[in-house]
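Text of model_9.cif, listed as mmCIF, C-alpha atoms and all ligand atoms:
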```
data_run
loop_
_atom_site.label_atom_id
_atom_site.label_comp_id
_atom_site.auth_asym_id
_atom_site.auth_seq_id
_atom_site.Cartn_x
_atom_site.Cartn_y
_atom_site.Cartn_z
CA MET A 947 67.30 176.52 61.74
CA MET A 948 66.26 173.67 63.95
CA GLY A 949 66.70 174.45 67.63
CA ARG A 950 67.32 171.15 69.33
CA SER A 951 68.81 168.17 67.51
CA LEU A 952 68.98 164.79 69.21
CA LEU A 953 72.35 163.24 68.31
CA LEU A 954 72.26 159.46 68.10
CA ALA A 955 74.85 156.96 66.88
CA ASP A 956 75.35 153.21 66.90
CA VAL A 957 71.85 152.15 67.91
CA HIS A 958 72.73 148.66 66.64
CA GLY A 959 69.29 147.14 66.78
CA ASN A 960 68.85 147.66 70.52
CA LEU A 961 65.20 148.72 70.79
CA ARG A 962 65.07 148.96 74.60
CA ALA A 963 68.04 151.31 74.63
CA LEU A 964 66.57 153.41 71.81
CA GLU A 965 63.19 153.71 73.54
CA ALA A 966 64.86 154.71 76.81
CA VAL A 967 66.88 157.40 75.02
CA LEU A 968 63.86 158.82 73.16
CA ASN A 969 61.83 158.92 76.39
CA ASP A 970 64.66 160.56 78.32
CA ALA A 971 65.22 163.19 75.62
CA ALA A 972 61.48 163.90 75.43
CA SER A 973 61.31 164.43 79.19
CA HIS A 974 64.35 166.75 79.22
CA GLY A 975 63.14 169.51 76.92
CA GLY A 976 62.34 167.41 73.84
CA PHE A 977 63.87 167.71 70.39
CA ASP A 978 62.97 169.03 66.94
CA ARG A 979 64.67 166.29 64.95
CA ILE A 980 67.03 163.33 65.17
CA LEU A 981 70.50 163.40 63.62
CA MET A 982 71.47 159.74 63.31
CA LEU A 983 75.18 159.12 62.76
CA GLY A 984 75.04 155.60 61.40
CA ASP A 985 74.85 151.97 62.48
CA LEU A 986 71.12 151.76 63.06
CA VAL A 987 71.46 147.96 62.86
CA GLY A 988 73.97 145.17 63.50
CA TYR A 989 74.78 143.33 66.75
CA GLY A 990 71.36 143.80 68.39
CA PRO A 991 68.16 141.76 68.26
CA GLU A 992 65.59 144.30 66.97
CA PRO A 993 67.04 145.94 63.85
CA ASP A 994 63.76 146.33 61.97
CA GLU A 995 61.95 147.78 64.99
CA CYS A 996 64.74 150.33 65.48
CA VAL A 997 64.66 151.47 61.85
CA GLU A 998 60.87 151.82 62.01
CA LEU A 999 60.90 153.74 65.31
CA LEU A 1000 63.58 156.16 64.08
CA ARG A 1001 61.59 156.76 60.88
CA GLU A 1002 58.58 157.87 62.92
CA HIS A 1003 60.51 161.04 63.85
CA PRO A 1004 61.91 163.93 61.79
CA LEU A 1005 65.15 162.18 60.87
CA ILE A 1006 68.39 162.88 59.06
CA ALA A 1007 70.61 159.80 58.93
CA VAL A 1008 73.92 158.78 57.38
CA ALA A 1009 75.15 155.24 56.71
CA GLY A 1010 77.39 153.28 59.05
CA ASN A 1011 79.49 150.25 58.15
CA HIS A 1012 76.91 147.86 59.64
CA ASP A 1013 74.06 149.50 57.71
CA LEU A 1014 76.03 149.01 54.50
CA GLY A 1015 76.93 145.44 55.51
CA ALA A 1016 73.30 144.53 56.16
CA ALA A 1017 72.20 146.16 52.90
CA GLY A 1018 74.87 144.35 50.86
CA ARG A 1019 76.86 147.54 50.17
CA ALA A 1020 80.01 146.59 52.16
CA ASP A 1021 82.35 143.61 52.00
CA LEU A 1022 81.64 141.46 55.08
CA GLY A 1023 85.30 140.39 55.01
CA ARG A 1024 86.12 143.76 56.57
CA PHE A 1025 84.06 142.96 59.70
CA ASN A 1026 85.11 140.91 62.71
CA PRO A 1027 83.48 137.43 62.69
CA ASP A 1028 80.70 138.24 65.20
CA ALA A 1029 79.86 141.47 63.37
CA ALA A 1030 79.74 139.67 60.01
CA ILE A 1031 77.37 137.02 61.45
CA ALA A 1032 75.14 139.79 62.81
CA CYS A 1033 75.15 141.61 59.44
CA GLU A 1034 74.05 138.45 57.63
CA TRP A 1035 71.36 137.84 60.25
CA CYS A 1036 70.13 141.43 59.78
CA SER A 1037 69.90 141.04 56.02
CA ARG A 1038 67.50 138.14 56.51
CA ARG A 1039 65.57 139.77 59.36
CA LEU A 1040 64.96 143.27 57.92
CA SER A 1041 61.82 144.15 55.97
CA ILE A 1042 62.18 145.18 52.33
CA SER A 1043 61.24 148.72 53.33
CA SER A 1044 63.95 148.89 56.01
CA LEU A 1045 66.57 147.36 53.69
CA ARG A 1046 65.76 149.97 51.02
CA PHE A 1047 66.01 152.72 53.63
CA LEU A 1048 69.48 151.51 54.70
CA GLU A 1049 70.55 151.03 51.07
CA ASP A 1050 69.66 154.64 50.28
CA LEU A 1051 71.42 156.26 53.26
CA PRO A 1052 74.02 158.83 52.18
CA LEU A 1053 77.63 158.55 53.42
CA ARG A 1054 77.62 162.25 54.32
CA HIS A 1055 75.05 164.88 55.16
CA VAL A 1056 76.01 168.56 54.91
CA GLU A 1057 74.02 171.55 56.09
CA ALA A 1058 74.85 175.04 57.35
CA GLY A 1059 77.67 174.62 59.84
CA LEU A 1060 77.43 170.83 60.18
CA LEU A 1061 78.88 167.73 58.55
CA LEU A 1062 77.43 164.36 59.56
CA VAL A 1063 79.40 161.15 58.96
CA HIS A 1064 79.68 157.79 60.70
CA GLY A 1065 83.48 157.48 60.83
CA SER A 1066 85.41 160.60 59.88
CA PRO A 1067 85.27 163.35 57.22
CA ARG A 1068 88.06 161.77 55.14
CA ASP A 1069 86.81 158.20 55.55
CA PRO A 1070 83.09 158.40 56.36
CA ILE A 1071 82.62 154.69 56.93
CA TRP A 1072 85.71 153.10 58.45
CA GLU A 1073 88.01 155.58 60.25
CA TYR A 1074 87.70 155.81 64.05
CA MET A 1075 88.01 159.38 65.30
CA VAL A 1076 89.64 158.57 68.63
CA SER A 1077 92.01 161.46 69.34
CA PRO A 1078 92.48 165.22 68.89
CA TYR A 1079 95.31 164.31 66.49
CA ILE A 1080 93.02 162.33 64.18
CA ALA A 1081 90.39 165.07 64.46
CA ALA A 1082 92.99 167.66 63.39
CA GLN A 1083 94.09 165.48 60.44
CA ASN A 1084 90.50 165.59 59.27
CA LEU A 1085 90.21 169.38 59.46
CA ALA A 1086 90.95 169.88 55.74
CA HIS A 1087 88.27 167.34 54.83
CA CYS A 1088 85.53 169.23 56.66
CA ALA A 1089 84.42 172.56 55.18
CA GLU A 1090 81.69 172.95 57.80
CA LYS A 1091 82.30 174.41 61.23
CA HIS A 1092 81.42 171.30 63.23
CA CYS A 1093 81.56 167.61 62.45
CA LEU A 1094 79.30 164.99 64.02
CA VAL A 1095 80.60 161.40 64.12
CA GLY A 1096 79.88 157.99 65.64
CA HIS A 1097 81.57 154.59 65.12
CA THR A 1098 83.85 154.49 68.20
CA HIS A 1099 80.94 153.87 70.63
CA GLN A 1100 82.57 156.33 73.05
CA PRO A 1101 81.19 159.80 73.79
CA ALA A 1102 83.79 162.44 73.01
CA ILE A 1103 84.37 165.96 71.81
CA TYR A 1104 87.53 167.01 69.96
CA SER A 1105 88.88 170.26 68.61
CA MET A 1106 89.61 169.95 64.89
CA THR A 1107 92.49 172.38 65.26
CA GLY A 1108 94.33 169.82 67.37
CA SER A 1109 94.23 171.72 70.62
CA SER A 1110 92.87 169.69 73.47
CA VAL A 1111 89.21 169.81 74.34
CA GLU A 1112 87.80 168.44 77.50
CA VAL A 1113 86.58 164.98 76.50
CA VAL A 1114 83.09 164.38 77.77
CA SER A 1115 81.82 166.70 80.36
CA SER A 1116 78.08 166.97 80.63
CA SER A 1117 77.83 170.28 78.77
CA VAL A 1118 80.28 171.89 76.31
CA ALA A 1119 80.01 175.25 74.52
CA LEU A 1120 80.32 175.03 70.73
CA ASP A 1121 83.35 177.33 70.48
CA GLY A 1122 85.93 176.76 67.76
CA ARG A 1123 85.65 173.89 65.32
CA LEU A 1124 84.61 170.69 67.04
CA ALA A 1125 84.07 167.04 66.25
CA VAL A 1126 81.33 165.62 68.48
CA ASN A 1127 80.60 161.95 69.12
CA PRO A 1128 77.44 161.32 71.19
CA GLY A 1129 78.52 157.77 72.10
CA SER A 1130 76.53 154.63 71.36
CA VAL A 1131 72.84 154.12 72.11
CA GLY A 1132 72.85 150.35 71.77
CA GLN A 1133 76.37 149.07 72.55
CA PRO A 1134 78.49 151.50 74.64
CA ARG A 1135 82.23 150.73 74.79
CA ASP A 1136 83.46 153.17 77.42
CA GLY A 1137 82.84 150.93 80.42
CA ASP A 1138 79.42 152.43 81.17
CA PRO A 1139 76.61 150.10 80.04
CA ARG A 1140 73.99 152.87 80.05
CA ALA A 1141 72.71 154.10 76.66
CA ALA A 1142 74.44 157.29 75.47
CA TYR A 1143 73.15 160.27 73.51
CA ALA A 1144 73.80 163.99 73.10
CA MET A 1145 71.64 167.05 72.53
CA LEU A 1146 72.84 169.74 70.14
CA ASP A 1147 71.19 173.04 70.96
CA ILE A 1148 72.18 175.49 68.22
CA ALA A 1149 70.21 178.39 69.72
CA ARG A 1150 72.12 178.09 73.02
CA ASN A 1151 75.38 177.13 71.26
CA VAL A 1152 75.88 174.10 73.48
CA VAL A 1153 76.06 170.32 73.29
CA THR A 1154 75.12 168.19 76.30
CA PHE A 1155 75.93 164.53 76.92
CA HIS A 1156 73.48 162.13 78.57
CA ARG A 1157 73.35 158.54 79.84
CA VAL A 1158 70.20 156.50 80.38
CA VAL A 1159 69.55 153.24 82.21
CA TYR A 1160 67.69 150.57 80.22
CA ASP A 1161 66.98 146.85 80.66
CA VAL A 1162 70.38 145.47 79.55
CA GLY A 1163 69.48 141.94 80.71
CA ALA A 1164 66.38 141.78 78.51
CA THR A 1165 68.31 142.88 75.41
CA ALA A 1166 71.11 140.40 76.22
CA ASP A 1167 68.53 137.60 76.57
CA ALA A 1168 66.95 138.56 73.24
CA ILE A 1169 70.36 138.42 71.51
CA VAL A 1170 70.89 134.87 72.79
CA HIS A 1171 67.30 133.92 71.95
CA GLN A 1172 67.82 135.03 68.34
CA GLY A 1173 70.85 132.76 68.04
CA LEU A 1174 73.29 135.66 67.67
CA PRO A 1175 76.82 135.26 69.15
CA ARG A 1176 76.75 135.18 72.97
CA SER A 1177 79.68 137.59 73.18
CA LEU A 1178 77.36 140.27 71.77
CA ALA A 1179 75.06 139.74 74.75
CA GLN A 1180 77.81 139.60 77.35
CA ARG A 1181 79.55 142.82 76.30
CA LEU A 1182 76.38 144.86 76.94
CA HIS A 1183 76.63 144.14 80.68
CA THR A 1184 80.11 145.63 80.98
CA GLY A 1185 79.78 148.37 78.36
CA TYR A 1186 82.71 147.13 76.25
ZN ZN B 1 78.91 150.78 65.48
#
```

Represent the structure of the file as structure tokens.
Amino acid sequence: MMGRSLLLADVHGNLRALEAVLNDAASHGGFDRILMLGDLVGYGPEPDECVELLREHPLIAVAGNHDLGAAGRADLGRFNPDAAIACEWCSRRLSISSLRFLEDLPLRHVEAGLLLVHGSPRDPIWEYMVSPYIAAQNLAHCAEKHCLVGHTHQPAIYSMTGSSVEVVSSSVALDGRLAVNPGSVGQPRDGDPRAAYAMLDIARNVVTFHRVVYDVGATADAIVHQGLPRSLAQRLHTGY
């Protein structure tokens, strides 16, 4: 059993944010492996670099909607216009090796006690797990004790039995059956522009949430420089 798993989601091609998170995690006790909950690419200006950097580490990853969009496995008509433009841009920008890697990502990963999906257990790609109610509706679709999700870009922790769980405190014991969302590395949407990640420490039975400052302005400039929609640069400054 791996001791410390670094939980990442929604990196979205933001290399500066990813580097800041990896450095912060390394300097706070390190990690044995990365559990990546989808959307490695899309929106951000360095998709290929992010895929390559993640692949340098022990990595278990599942597919997000943007990964499938960039790899030609999802209908771009389901994306908002800016997201669809970014998916098309990614398809052209990614190396063959990175495209193959995204193409081959599973929709789910199951191991002892854990289910990894991007969206939710019953709809691994598209459903947003945004409330204890939705988490409870997914209980029957998750045979594992805990479920790890991304997609909403907001750090959160929900009880899958529908009882309320404190949403985002810095450290939460893994009691009961929980759905954990580490928040987004590359495009946070909770009003805090800092990169988000979580650390799952199975040995200590605890998950901790972290935020890290990175050079938002430089990533925003790179988005504009690449000719991607300006709104994708602007939203990074406010964290929405
Ligand atoms: Zn996303």

- Item | All residues 7 Å or closer to range 985-999 of chain A, only C-alpha atoms, same chain fewer than 5 positions away omitted, as a PyMOL selection string | chain A and resi 955-961+1009-1013+1029+1032-1033+1036+1040-1041+1044+1168-1169+1172+1178

- Task: Would you kindly return, as a PyMOL selection string, each protein, DNA or RNA residue with an atom no farther than 7 Å from any atom of range 965-974 of chain A, considering all atoms listed in the file and excluding same-chain residues fewer than 3 positions away?
- Result: chain A and resi 961-962+977+1141+1158+1160

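With only C-alpha atoms as the atoms that count, the residue of A:Leu1182, A:Ala1017, A:Met1075, A:Ala1144 with the shortest distance to Asp1161 in chain A is A:Leu1182.
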
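If you measure from each of A:Ser1105, A:Ser1117, A:Ser951, A:Ser1177 to Asp978 in chain A using all atoms listed in the file, the closest one turns out to be A:Ser951.
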
Can you pull out the residues contacting Leu1014 in chain A? Cut-off 12 Å, using all atoms listed in the file, and skip same-chain residues under 2 positions away; I want them as a compact mmCIF listing (two decimals) with C-alpha atoms, in the frame of the given file.
```
# COMPACT_ATOMS: atom_id res chain seq x y z
CA GLY A 984 75.04 155.60 61.40
CA ASP A 985 74.85 151.97 62.48
CA LEU A 986 71.12 151.76 63.06
CA VAL A 987 71.46 147.96 62.86
CA GLY A 988 73.97 145.17 63.50
CA VAL A 1008 73.92 158.78 57.38
CA ALA A 1009 75.15 155.24 56.71
CA GLY A 1010 77.39 153.28 59.05
CA ASN A 1011 79.49 150.25 58.15
CA HIS A 1012 76.91 147.86 59.64
CA ALA A 1016 73.30 144.53 56.16
CA ALA A 1017 72.20 146.16 52.90
CA GLY A 1018 74.87 144.35 50.86
CA ARG A 1019 76.86 147.54 50.17
CA ALA A 1020 80.01 146.59 52.16
CA ASP A 1021 82.35 143.61 52.00
CA LEU A 1022 81.64 141.46 55.08
CA ARG A 1024 86.12 143.76 56.57
CA PHE A 1025 84.06 142.96 59.70
CA ALA A 1030 79.74 139.67 60.01
CA CYS A 1033 75.15 141.61 59.44
CA GLU A 1034 74.05 138.45 57.63
CA CYS A 1036 70.13 141.43 59.78
CA SER A 1037 69.90 141.04 56.02
CA LEU A 1045 66.57 147.36 53.69
CA ARG A 1046 65.76 149.97 51.02
CA PHE A 1047 66.01 152.72 53.63
CA LEU A 1048 69.48 151.51 54.70
CA GLU A 1049 70.55 151.03 51.07
CA ASP A 1050 69.66 154.64 50.28
CA LEU A 1051 71.42 156.26 53.26
CA PRO A 1052 74.02 158.83 52.18
CA LEU A 1053 77.63 158.55 53.42
CA HIS A 1064 79.68 157.79 60.70
CA PRO A 1070 83.09 158.40 56.36
CA ILE A 1071 82.62 154.69 56.93
CA TRP A 1072 85.71 153.10 58.45
```

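If you measure from each of A:Ser1116, A:Gly1108, A:Pro1004, A:Ile1031 to Gly1173 in chain A using all atoms listed in the file, the closest one turns out to be A:Ile1031.
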
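Residues surrounding Met1106 in chain A within 9 Å are Pro1078, Tyr1079, Ile1080, Ala1081, Ala1082, Gln1083, Asn1084, Leu1085, His1092, Cys1093, Gly1122, Arg1123, Leu1124 and Ala1125 of chain A [only C-alpha atoms; sequence separation below 4 positions excluded].
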
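Interatomic distance, CA of Thr1165 in chain A against CA of His1003 in chain A: 22.9 Å.
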
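Of the residues listed (A:Val1170, A:Leu1005, A:Val1118, A:Leu983), A:Leu983 shows the shortest atom-to-atom separation from ligand ZN 1 (chain B); distances use all atoms listed in the file.
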
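Of the listed residues (A:Ile1103, A:Ile1006, A:Ala1166, A:Leu1062), A:Ile1103 comes nearest to Thr1154 in chain A; the distances count all atoms listed in the file.
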
- Message: As an exercise, work out the distance from CA of Ala1179 in chain A to CA of Gln1100 in chain A in Å and give it to one decimal place.
- Response: 18.3 Å

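Among A:Ala1007, A:Ile980, A:Val1162, A:Leu1146, the residue with the shortest atom-to-atom distance to Arg1181 in chain A, counting all atoms listed in the file, is A:Val1162.
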
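One distance worth recording is that between CA of Leu981 in chain A and CA of Asp1069 in chain A, which is 18.9 Å.
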
Applying 6 Å and only C-alpha atoms, which residues near Asp1138 in chain A remain after dropping the ones on its own chain fewer than 2 positions away? List them as a CSV table (one decimal) with C-alpha atoms, keeping the file's coordinate frame.
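Written out: around.csv:
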```csv
chain,number,residue,atom,x,y,z
A,1136,ASP,CA,83.5,153.2,77.4
A,1140,ARG,CA,74.0,152.9,80.0
A,1185,GLY,CA,79.8,148.4,78.4
```
